[in-house]
Amino acid sequence: MFAYVNLSVRQRFHGSALFQGPSVDAEIYAYSVAWLVFAGAMMGYGLQRILPVLSKVALGLLGVTAIKVFLFDVETLNLLYRALLFLALGGSLIALGFVYQRMVRQEQA
């Protein structure tokens, strides 16, 4: 599924010529958004079906996405977009952490 998500983003920007042409900045940012959405969907599915392994994989993907954003995506943004990116990433991580914590508490009760 992860490969499918990445190839879907690549196809959106390059059409059928997946292995031709360089990646543009918007494509690099789209990978981060796609990974974040995919991790959130995996976590939701894992919590709904009570699959702790899937939820932990989703948390790992969230960590990798956060590292990618901080190390690679931030360097090309100006100050305003950088601040908005940090706010959006922080808000989504807090929301996903809240949902995960709440679902784990319900499972234990």
# chains A, B, ... in the order shown; residues from 1 in each chain; ligands from 1
call {"tool": "residues_around", "arguments": {"residues": "range 72-79 of chain A", "least_positions_apart": "4", "cutoff": "8 Å", "atoms": "only C-alpha atoms", "output": "PyMOL selection string"}}
result
chain A and resi 28-29+68+83
call {"tool": "residues_around", "arguments": {"residues": "Leu61 in chain A", "least_positions_apart": "5", "cutoff": "8 Å", "atoms": "only C-alpha atoms", "output": "number ranges by chain"}}
result
A: 35-36, 39
call {"tool": "closest_residue", "arguments": {"among": "A:Gly60, A:Leu71, A:Ala41, A:Ala66", "to": "Gly91 in chain A", "atoms": "only C-alpha atoms"}}
result
A:Ala66
call {"tool": "select_by_dssp", "arguments": {"residues": "chain A", "states": "alpha helix (DSSP H)", "output": "PyMOL selection string"}}
result
chain A and resi 2-14+25-48+52-68+79-108
call {"tool": "atom_distance", "arguments": {"atom1": "CA of Val57 in chain A", "atom2": "CA of Ser8 in chain A"}}
result
20.7 Å
call {"tool": "closest_atom_pairs", "arguments": {"of": "range 6-82 of chain A", "to": "range 92-97 of chain A", "cutoff": "10 Å", "atoms": "only C-alpha atoms", "output": "tab-separated table"}}
result
residue	atom	partner	partner_atom	distance
A:Leu36	CA	A:Ser92	CA	8.4
A:Val37	CA	A:Ser92	CA	9.6
A:Ala39	CA	A:Leu96	CA	9.4
A:Gly40	CA	A:Leu96	CA	7.0
A:Met43	CA	A:Leu96	CA	8.3
A:Gly44	CA	A:Leu96	CA	9.1
A:Leu59	CA	A:Gly97	CA	8.9
A:Leu62	CA	A:Leu93	CA	7.8
A:Gly63	CA	A:Leu93	CA	9.3
A:Ala66	CA	A:Leu93	CA	8.8
call {"tool": "closest_residue", "arguments": {"among": "A:Met42, A:Val24, A:Leu80, A:Ala34", "to": "Thr65 in chain A", "atoms": "only C-alpha atoms"}}
result
A:Ala34
call {"tool": "atom_distance", "arguments": {"atom1": "CA of Ala3 in chain A", "atom2": "CA of Arg49 in chain A"}}
result
22.8 Å
call {"tool": "atom_distance", "arguments": {"atom1": "CA of Ala58 in chain A", "atom2": "CA of Arg82 in chain A"}}
result
24.5 Å
call {"tool": "closest_residue", "arguments": {"among": "A:Ala30, A:Val53, A:Leu47, A:Val104", "to": "Val69 in chain A", "atoms": "only C-alpha atoms"}}
result
A:Ala30
call {"tool": "closest_residue", "arguments": {"among": "A:Tyr45, A:Phe13, A:Phe70, A:Phe2", "to": "Glu27 in chain A", "atoms": "only C-alpha atoms"}}
result
A:Phe13
call {"tool": "closest_residue", "arguments": {"among": "A:Ile67, A:Leu51, A:Ala17, A:Met1", "to": "Phe38 in chain A", "atoms": "only C-alpha atoms"}}
result
A:Met1
